[in-house]
Every structure is written in structure tokens, then in C-alpha cells.
file start-v6.txt (compact mmCIF, C-alpha atoms)
# COMPACT_ATOMS: atom_id res chain seq x y z
CA MET A 204 13.83 31.30 -41.40
CA ALA A 205 16.68 29.73 -43.30
CA GLY A 206 15.71 27.38 -46.09
CA GLU A 207 17.11 24.43 -44.18
CA LEU A 208 14.71 24.99 -41.30
CA GLU A 209 11.72 24.98 -43.61
CA GLY A 210 12.44 21.52 -44.93
CA SER A 211 10.38 18.71 -43.45
CA LYS A 212 12.74 15.73 -43.57
CA ALA A 213 14.74 16.63 -40.51
CA LEU A 214 11.66 17.80 -38.62
CA SER A 215 10.43 14.26 -38.04
CA GLY A 216 13.74 13.38 -36.42
CA LEU A 217 13.63 16.55 -34.38
CA LEU A 218 10.17 15.75 -33.03
CA SER A 219 11.38 12.27 -32.05
CA GLY A 220 14.31 13.77 -30.21
CA LEU A 221 12.07 16.31 -28.46
CA ALA A 222 9.59 13.59 -27.45
CA GLN A 223 12.40 11.43 -26.03
CA GLU A 224 13.62 14.30 -23.91
CA ALA A 225 10.30 15.85 -22.86
CA PHE A 226 8.16 12.74 -22.31
CA HIS A 227 10.21 9.59 -22.22
CA GLY A 228 12.83 10.92 -19.83
CA HIS A 229 15.80 10.42 -22.10
CA GLN A 230 18.71 12.43 -20.76
CA GLY A 231 21.44 13.82 -22.94
CA ILE A 232 19.46 15.05 -25.91
CA THR A 233 20.90 18.51 -26.10
CA GLU A 234 20.19 21.40 -28.43
CA GLU A 235 23.62 20.98 -29.92
CA LEU A 236 23.12 17.26 -30.52
CA LEU A 237 19.87 17.87 -32.38
CA ARG A 238 21.32 20.72 -34.38
CA SER A 239 24.47 18.91 -35.42
CA GLN A 240 22.61 15.71 -36.30
CA LEU A 241 19.62 17.18 -38.08
CA TYR A 242 20.36 20.78 -39.07
CA PRO A 243 24.15 20.98 -39.41
CA GLU A 244 23.95 23.90 -41.85
CA VAL A 245 22.04 26.06 -39.37
CA SER A 246 23.70 28.20 -36.72
CA LEU A 247 22.89 27.67 -33.08
CA GLU A 248 21.47 31.21 -32.78
CA GLU A 249 18.96 30.47 -35.52
CA PHE A 250 18.27 26.94 -34.38
CA ARG A 251 17.46 27.78 -30.77
CA PRO A 252 14.20 29.71 -31.33
CA PHE A 253 13.10 27.18 -33.95
CA LEU A 254 13.63 24.34 -31.50
CA ALA A 255 11.77 26.23 -28.78
CA LYS A 256 8.85 26.79 -31.13
CA MET A 257 8.62 23.11 -32.08
CA ARG A 258 8.98 22.02 -28.46
CA GLY A 259 6.17 24.40 -27.47
CA ILE A 260 3.89 23.08 -30.18
CA LEU A 261 4.55 19.45 -29.28
CA LYS A 262 3.99 20.11 -25.58
CA SER A 263 0.71 21.93 -26.27
CA ILE A 264 -0.55 19.05 -28.37
CA ALA A 265 0.46 16.44 -25.77
CA SER A 266 -0.80 18.45 -22.83
CA ALA A 267 -4.25 18.80 -24.36
CA ASP A 268 -4.18 15.20 -25.59
CA MET A 269 -5.57 16.55 -28.85
CA ASP A 270 -7.83 14.47 -31.00
CA PHE A 271 -7.48 14.80 -34.76
CA ASN A 272 -10.04 17.61 -35.11
CA GLN A 273 -8.39 19.68 -32.40
CA LEU A 274 -5.00 18.92 -33.94
CA GLU A 275 -6.02 20.15 -37.39
CA ALA A 276 -7.52 23.33 -35.98
CA PHE A 277 -4.48 23.97 -33.79
CA LEU A 278 -1.96 23.39 -36.58
CA THR A 279 -3.92 25.50 -39.05
CA ALA A 280 -3.87 28.35 -36.56
CA GLN A 281 -0.10 27.91 -36.21
CA THR A 282 0.37 28.23 -39.98
CA LYS A 283 -1.55 31.50 -40.01
CA LYS A 284 0.47 33.04 -37.17
CA GLN A 285 3.30 35.50 -37.65
CA GLY A 286 6.49 33.46 -37.19
CA GLY A 287 4.43 30.29 -37.17
CA ILE A 288 4.97 27.10 -39.13
CA THR A 289 4.66 26.17 -42.79
CA SER A 290 1.93 23.83 -44.00
CA ASP A 291 4.61 21.23 -44.79
CA GLN A 292 5.77 21.39 -41.20
CA ALA A 293 2.17 21.14 -40.01
CA ALA A 294 1.80 17.93 -42.03
CA VAL A 295 4.94 16.44 -40.46
CA ILE A 296 3.79 17.35 -36.95
CA SER A 297 0.35 15.92 -37.60
CA LYS A 298 1.79 12.64 -38.86
CA PHE A 299 4.14 12.47 -35.89
CA TRP A 300 1.39 12.98 -33.31
CA LYS A 301 -0.86 10.39 -34.94
CA SER A 302 1.81 7.70 -34.77
CA HIS A 303 3.30 8.59 -31.35
CA LYS A 304 0.24 9.77 -29.45
CA THR A 305 -0.35 6.52 -27.56
CA LYS A 306 3.23 6.11 -26.44
CA ILE A 307 3.53 9.75 -25.37
CA ARG A 308 0.29 9.56 -23.44
CA GLU A 309 1.53 6.46 -21.63
CA SER A 310 4.73 8.26 -20.62
CA LEU A 311 2.73 11.23 -19.37
CA MET A 312 0.52 8.92 -17.30
CA ASN A 313 3.63 7.32 -15.81
CA GLN A 314 5.02 10.73 -14.95
CA SER A 315 1.93 11.48 -12.90
CA ARG A 316 2.14 8.27 -10.85
CA TRP A 317 4.03 9.03 -7.68
CA ASP A 318 2.69 6.34 -5.43
CA SER A 319 4.26 2.93 -5.49
CA GLY A 320 3.03 0.51 -8.09
CA LEU A 321 2.58 -3.21 -8.04
CA ARG A 322 5.67 -4.61 -9.71
CA GLY A 323 5.08 -8.27 -9.11
CA LEU A 324 2.65 -10.71 -7.61
CA SER A 325 3.08 -14.38 -6.82
CA TRP A 326 1.00 -16.67 -4.70
CA ARG A 327 0.72 -20.10 -3.18
CA VAL A 328 -2.12 -22.02 -1.58
CA ASP A 329 -1.26 -24.22 1.39
CA GLY A 330 -3.62 -27.11 2.03
CA LYS A 331 -3.29 -27.52 5.74
CA SER A 332 -1.82 -25.01 8.01
CA GLN A 333 -1.17 -24.83 11.65
CA SER A 334 0.51 -22.15 13.61
CA ARG A 335 0.96 -21.59 17.26
CA HIS A 336 -0.97 -18.35 16.97
CA SER A 337 -3.89 -19.68 15.02
CA PRO A 338 -6.19 -22.29 16.49
CA GLN A 339 -7.40 -23.29 13.04
CA ILE A 340 -5.89 -26.23 11.33
CA HIS A 341 -7.00 -27.96 8.12
CA THR A 342 -7.80 -24.55 6.72
CA PRO A 343 -6.41 -23.71 3.32
CA VAL A 344 -4.40 -20.54 3.32
CA ALA A 345 -3.43 -18.34 0.42
CA ILE A 346 -0.04 -16.73 0.73
CA MET A 347 0.80 -13.85 -1.54
CA GLU A 348 4.00 -12.04 -2.22
CA LEU A 349 3.52 -8.54 -3.59
CA GLU A 350 6.42 -6.56 -4.87
CA ILE A 351 5.54 -2.94 -4.26
CA GLY A 352 7.84 -0.31 -5.62
CA LYS A 353 8.20 2.97 -7.42
CA SER A 354 6.28 3.01 -10.69
CA GLY A 355 7.95 3.67 -13.98
CA GLN A 356 11.15 2.07 -12.85
CA HIS A 357 12.03 -1.38 -14.05
CA MET B 215 4.72 -14.04 7.41
CA LYS B 216 2.16 -11.32 7.90
CA MET B 217 -1.59 -11.55 7.96
CA LEU B 218 -3.89 -9.45 5.85
CA VAL B 219 -6.31 -7.76 8.21
CA ASP B 220 -7.90 -5.18 5.92
CA PHE B 221 -8.10 -4.39 2.22
CA GLN B 222 -9.30 -0.97 1.12
CA TRP B 223 -9.57 0.27 -2.42
CA LYS B 224 -10.52 3.30 -4.38
CA LEU B 225 -11.11 3.91 -8.04
CA GLY B 226 -9.72 7.29 -9.04
CA MET B 227 -9.55 9.37 -12.18
CA ALA B 228 -6.55 11.63 -12.66
CA VAL B 229 -7.91 14.61 -14.54
CA SER B 230 -4.96 16.91 -14.98
CA SER B 231 -1.34 17.32 -13.97
CA ASP B 232 1.52 19.76 -14.41
CA SER B 233 2.89 17.71 -17.29
CA CYS B 234 -0.44 16.96 -18.97
CA ARG B 235 -3.47 19.21 -18.71
CA SER B 236 -5.80 16.63 -20.15
CA LEU B 237 -4.84 13.39 -18.44
CA LYS B 238 -8.09 11.40 -18.13
CA TYR B 239 -6.38 8.47 -16.51
CA PRO B 240 -8.36 5.99 -14.36
CA TYR B 241 -6.49 4.02 -11.70
CA VAL B 242 -7.13 1.75 -8.74
CA ALA B 243 -5.43 2.59 -5.44
CA VAL B 244 -5.21 -0.14 -2.79
CA LEU B 245 -4.44 0.09 0.92
CA LEU B 246 -3.49 -3.16 2.63
CA LYS B 247 -3.27 -3.48 6.38
CA VAL B 248 -0.97 -6.31 7.42
CA ALA B 249 -0.30 -7.54 10.94
CA ASP B 250 2.83 -9.30 12.09
CA HIS B 251 2.80 -11.99 14.78
CA SER B 252 3.01 -9.37 17.53
CA GLY B 253 -0.19 -7.80 16.27
CA GLN B 254 1.47 -4.65 15.00
CA VAL B 255 -0.35 -3.39 11.93
CA LYS B 256 1.39 -1.72 9.03
CA ASN B 257 -0.10 -0.02 5.99
CA LYS B 258 1.04 -0.76 2.47
CA SER B 259 -0.43 1.20 -0.39
CA PHE B 260 0.04 1.12 -4.11
CA GLU B 261 -1.58 2.17 -7.36
CA MET B 262 -2.49 0.16 -10.44
CA THR B 263 -3.52 1.05 -13.95
CA ILE B 264 -6.75 -0.56 -15.10
CA PRO B 265 -4.98 -3.35 -17.07
CA GLN B 266 -2.76 -4.03 -14.06
CA PHE B 267 -5.82 -4.17 -11.84
CA GLN B 268 -7.51 -6.61 -14.21
CA ASN B 269 -4.54 -8.90 -13.92
CA PHE B 270 -4.56 -8.48 -10.13
CA TYR B 271 -8.23 -9.40 -10.05
CA ARG B 272 -7.63 -12.44 -12.27
CA GLN B 273 -4.99 -13.74 -9.88
CA PHE B 274 -7.45 -13.51 -6.97
CA LYS B 275 -10.05 -15.37 -8.99
CA GLU B 276 -7.53 -18.12 -9.61
CA ILE B 277 -6.64 -18.31 -5.94
CA ALA B 278 -10.33 -18.53 -5.03
CA ALA B 279 -10.81 -21.35 -7.52
CA VAL B 280 -7.80 -23.28 -6.20
CA ILE B 281 -8.77 -22.80 -2.56
CA GLU B 282 -12.16 -24.34 -3.30
CA THR B 283 -10.50 -27.54 -4.44
CA VAL B 284 -8.15 -27.95 -1.51
call {"tool": "encode", "arguments": {"input": "start-v6.txt", "output": "C-alpha cells"}}
result
Amino acid sequence: MAGELEGSKALSGLLSGLAQEAFHGHQGITEELLRSQLYPEVSLEEFRPFLAKMRGILKSIASADMDFNQLEAFLTAQTKKQGGITSDQAAVISKFWKSHKTKIRESLMNQSRWDSGLRGLSWRVDGKSQSRHSPQIHTPVAIMELEIGKSGQH
Amino acid sequence: MKMLVDFQWKLGMAVSSDSCRSLKYPYVAVLLKVADHSGQVKNKSFEMTIPQFQNFYRQFKEIAAVIETV
């Protein structure tokens, strides 16, 4: 690995970019964008496998919704692997997961909601009501308006 | 204006999905049956997260309180 890839400063930014693309549905975060913004000194050929490795690690952590014990064990194992990560990188990844875990989990929950959601609810109570179809008058009626639509879209 | 003729609910727990193996996400799914003036019944269903459901429940409580006073 080139020296630039081993540094931890840019890794935090990289993980943010990966999370945006993989979990939060942000389009347009390409390999080339990440490379040019964060690792401009590194060639695309070298950057590609590195990016894939980091993406794989982040997805594993998110998919298992790792708690801090699992995270430590997982990252330690990654540092011991051939072609794994450095302990500096493990520290950056750990810090990233701890601060973004909740938001990422929320996005993953949204991704698994395919049914319509309740987007809005308003109501009114009418004191007396009379209709030609209902024999009851002087009966309070609650009228509700529910806005039902695809979840995750605002 | 339609009339609510039936309200069905279920409390579910999403355990796993293709994007997240360990989901552990509880939700409330509701099926409303509404009838128009001709008597034709239509189904409307939707899903709520637990916080959304709590808000939903609170609104009904408010309606019940108001209806008592009318």
C-alpha cells in the first residue's frame, strides 16, 4: 500500500463518502470523486481495491449492527489479516461507526420499508352531523385526513 | 367523505433484510377499510415506526377527549 493510503486523515472523509453512497442514497459519489478529493496522489488502479476493502468493512459492520465489543473484535481481526488494515485505520473506522451508527441504522431501516407510510394526519370533530345516509343526528363525528404515501420520501 | 368500517393492526419485527442482516426493527402495520357512500369498501394500508405510532395513538387520545366534551 502506498504511504498515502495508510494515513488516517483522509480515511474519515472516505468513510463519510461511502456511507452517503451506500446507506443514505446519495447519488454521484464516484470512485474518481473520492480519489481526487481525498487521495489525489494515489493512482486509480491502487485506489480501487483500497476503496473496495473499506466499503466491504463498513458494510459488514453496518449489516451486523455491531456493538462496540463486536466492533473491536472485528477490527482487530482485520488488522491481523494479510492485506488487512493498519491499527490507525482501525481506530478511524471505530470512531466513525460510533458517531454515525444511529444515522446509518435509521437509513437501513428506511431502506427496508416498502409499504406506504403515514406522512401526515389531521383531524376535526364535528358537533352535530346529519347526512341523508345516516339516521343519526346530534352525534359527534371525528373526521380524519391521513396522508399515506411512500416512506422515505419527503 | 368515506366511513371507517374496520381497523386492523399488527405489530411486526423486521429481523433481517438484504441491506442489513441484523435489522431488529419493530413497526406497526395498519389496515383500514373505508366505505364510500355507495357501500364500496376499499383497503388502505400503511406502516409506522414505533415513534410514529406513538404520535398516531396520541392523536386518537386527543380526539377521544374532545369528542367527550362535544
call {"tool": "closest_atom_pairs", "arguments": {"input": "start-v6.txt", "of": "stretch 254-285 of chain A", "to": "stretch 223-233 of chain A", "cutoff": "10 Å", "atoms": "all atoms listed in the file", "output": "tab-separated table"}}
result
residue	atom	partner	partner_atom	distance
A:Arg258	CA	A:Ala225	CA	8.4
A:Leu261	CA	A:Ala225	CA	9.3
A:Lys262	CA	A:Ala225	CA	8.1
A:Ala265	CA	A:Phe226	CA	9.2
call {"tool": "closest_residue", "arguments": {"input": "start-v6.txt", "among": "B:Lys258, B:Leu246, B:Glu282, B:Tyr271", "to": "B:Gln222", "atoms": "all atoms listed in the file"}}
result
B:Leu246
call {"tool": "residues_around", "arguments": {"input": "start-v6.txt", "residues": "A:Gln314", "least_positions_apart": "4", "cutoff": "12 Å", "atoms": "only C-alpha atoms", "output": "PDB file with C-alpha atoms, in the coordinates of the input"}}
result
ATOM      1  CA  ALA A 225      10.300  15.850 -22.860  1.00  0.00           C
ATOM      2  CA  PHE A 226       8.160  12.740 -22.310  1.00  0.00           C
ATOM      3  CA  HIS A 227      10.210   9.590 -22.220  1.00  0.00           C
ATOM      4  CA  GLY A 228      12.830  10.920 -19.830  1.00  0.00           C
ATOM      5  CA  ILE A 307       3.530   9.750 -25.370  1.00  0.00           C
ATOM      6  CA  ARG A 308       0.290   9.560 -23.440  1.00  0.00           C
ATOM      7  CA  GLU A 309       1.530   6.460 -21.630  1.00  0.00           C
ATOM      8  CA  SER A 310       4.730   8.260 -20.620  1.00  0.00           C
ATOM      9  CA  ASP A 318       2.690   6.340  -5.430  1.00  0.00           C
ATOM     10  CA  LYS A 353       8.200   2.970  -7.420  1.00  0.00           C
ATOM     11  CA  SER A 354       6.280   3.010 -10.690  1.00  0.00           C
ATOM     12  CA  GLY A 355       7.950   3.670 -13.980  1.00  0.00           C
ATOM     13  CA  GLN A 356      11.150   2.070 -12.850  1.00  0.00           C
TER      14      GLN A 356
ATOM     15  CA  ALA B 228      -6.550  11.630 -12.660  1.00  0.00           C
ATOM     16  CA  SER B 230      -4.960  16.910 -14.980  1.00  0.00           C
ATOM     17  CA  SER B 231      -1.340  17.320 -13.970  1.00  0.00           C
ATOM     18  CA  ASP B 232       1.520  19.760 -14.410  1.00  0.00           C
ATOM     19  CA  SER B 233       2.890  17.710 -17.290  1.00  0.00           C
ATOM     20  CA  CYS B 234      -0.440  16.960 -18.970  1.00  0.00           C
ATOM     21  CA  LEU B 237      -4.840  13.390 -18.440  1.00  0.00           C
ATOM     22  CA  TYR B 239      -6.380   8.470 -16.510  1.00  0.00           C
TER      23      TYR B 239
END
call {"tool": "atom_distance", "arguments": {"input": "start-v6.txt", "atom1": "atom CA of A:Ser215", "atom2": "atom CA of A:Lys298"}}
result
8.8 Å
call {"tool": "closest_residue", "arguments": {"input": "start-v6.txt", "among": "B:Lys216, B:Arg272, B:Lys224, B:Arg235", "to": "B:Gly253", "atoms": "all atoms listed in the file"}}
result
B:Lys216
call {"tool": "closest_atom_pairs", "arguments": {"input": "start-v6.txt", "of": "chain B", "to": "chain A", "cutoff": "10 Å", "atoms": "all atoms listed in the file", "output": "Markdown table"}}
result
| residue | atom | partner | partner_atom | distance |
| --- | --- | --- | --- | --- |
| B:Met215 | CA | A:Ile346 | CA | 8.6 |
| B:Lys216 | CA | A:Ile346 | CA | 9.2 |
| B:Met217 | CA | A:Ile346 | CA | 9.0 |
| B:Leu218 | CA | A:Ile346 | CA | 9.7 |
| B:Ala228 | CA | A:Ser315 | CA | 8.5 |
| B:Ser230 | CA | A:Ser315 | CA | 9.0 |
| B:Ser231 | CA | A:Ser315 | CA | 6.8 |
| B:Asp232 | CA | A:Ser315 | CA | 8.4 |
| B:Ser233 | CA | A:Ser266 | CA | 6.7 |
| B:Cys234 | CA | A:Ser266 | CA | 4.2 |
| B:Arg235 | CA | A:Ser266 | CA | 5.0 |
| B:Ser236 | CA | A:Ala267 | CA | 5.0 |
| B:Leu237 | CA | A:Met312 | CA | 7.1 |
| B:Lys238 | CA | A:Met312 | CA | 9.0 |
| B:Tyr239 | CA | A:Met312 | CA | 7.0 |
| B:Pro240 | CA | A:Met312 | CA | 9.8 |
| B:Tyr241 | CA | A:Arg316 | CA | 9.7 |
| B:Ala243 | CA | A:Asp318 | CA | 8.9 |
| B:Val244 | CA | A:Gly320 | CA | 9.8 |
| B:His251 | CA | A:His336 | CA | 7.7 |
| B:Ser252 | CA | A:His336 | CA | 9.8 |
| B:Lys258 | CA | A:Ile351 | CA | 8.4 |
| B:Ser259 | CA | A:Ser319 | CA | 7.1 |
| B:Phe260 | CA | A:Ser319 | CA | 4.8 |
| B:Glu261 | CA | A:Gly320 | CA | 5.0 |
| B:Met262 | CA | A:Gly320 | CA | 6.0 |
| B:Thr263 | CA | A:Gly320 | CA | 8.8 |
| B:Gln266 | CA | A:Leu321 | CA | 8.1 |
| B:Phe267 | CA | A:Leu321 | CA | 9.3 |
| B:Asn269 | CA | A:Leu324 | CA | 9.7 |
| B:Phe270 | CA | A:Leu324 | CA | 8.0 |
| B:Gln273 | CA | A:Trp326 | CA | 8.4 |
| B:Phe274 | CA | A:Trp326 | CA | 9.3 |
| B:Glu276 | CA | A:Trp326 | CA | 9.9 |
| B:Ile277 | CA | A:Ala345 | CA | 7.1 |
| B:Ala278 | CA | A:Ala345 | CA | 8.8 |
| B:Val280 | CA | A:Val328 | CA | 7.4 |
| B:Ile281 | CA | A:Pro343 | CA | 6.4 |
| B:Glu282 | CA | A:Pro343 | CA | 8.8 |
| B:Thr283 | CA | A:Gly330 | CA | 9.5 |
| B:Val284 | CA | A:Gly330 | CA | 5.8 |
call {"tool": "residues_around", "arguments": {"input": "start-v6.txt", "residues": "B:Asn257", "least_positions_apart": "4", "cutoff": "8 Å", "atoms": "only C-alpha atoms", "output": "MDAnalysis selection string"}}
result
chainID B and resid 245:248
call {"tool": "atom_distance", "arguments": {"input": "start-v6.txt", "atom1": "atom CA of A:Leu254", "atom2": "atom CA of A:Ala280"}}
result
18.7 Å
call {"tool": "residues_around", "arguments": {"input": "start-v6.txt", "residues": "A:Gln281", "least_positions_apart": "4", "cutoff": "12 Å", "atoms": "only C-alpha atoms", "output": "compact mmCIF listing (two decimals) with C-alpha atoms, in the frame of the given file"}}
result
# COMPACT_ATOMS: atom_id res chain seq x y z
CA LYS A 256 8.85 26.79 -31.13
CA MET A 257 8.62 23.11 -32.08
CA GLY A 259 6.17 24.40 -27.47
CA ILE A 260 3.89 23.08 -30.18
CA LEU A 261 4.55 19.45 -29.28
CA SER A 263 0.71 21.93 -26.27
CA ILE A 264 -0.55 19.05 -28.37
CA LEU A 274 -5.00 18.92 -33.94
CA GLU A 275 -6.02 20.15 -37.39
CA ALA A 276 -7.52 23.33 -35.98
CA PHE A 277 -4.48 23.97 -33.79
CA GLN A 285 3.30 35.50 -37.65
CA GLY A 286 6.49 33.46 -37.19
CA GLY A 287 4.43 30.29 -37.17
CA ILE A 288 4.97 27.10 -39.13
CA THR A 289 4.66 26.17 -42.79
CA SER A 290 1.93 23.83 -44.00
CA ASP A 291 4.61 21.23 -44.79
CA GLN A 292 5.77 21.39 -41.20
CA ALA A 293 2.17 21.14 -40.01
CA ALA A 294 1.80 17.93 -42.03
CA ILE A 296 3.79 17.35 -36.95
call {"tool": "axis_aligned_box", "arguments": {"input": "start-v6.txt", "around": "stretch 257-271 of chain B", "padding_each_side": "5 Å", "output": "AutoDock Vina command-line options"}}
result
--center_x -3.6 --center_y -3.6 --center_z -5.5 --size_x 19.3 --size_y 21.6 --size_z 33.1
call {"tool": "atom_distance", "arguments": {"input": "start-v6.txt", "atom1": "atom CA of A:Asn272", "atom2": "atom CA of A:Trp300"}}
result
12.5 Å
call {"tool": "closest_residue", "arguments": {"input": "start-v6.txt", "among": "A:Lys306, A:Lys283, A:Leu241, A:Phe253", "to": "A:Leu217", "atoms": "all atoms listed in the file"}}
result
A:Leu241
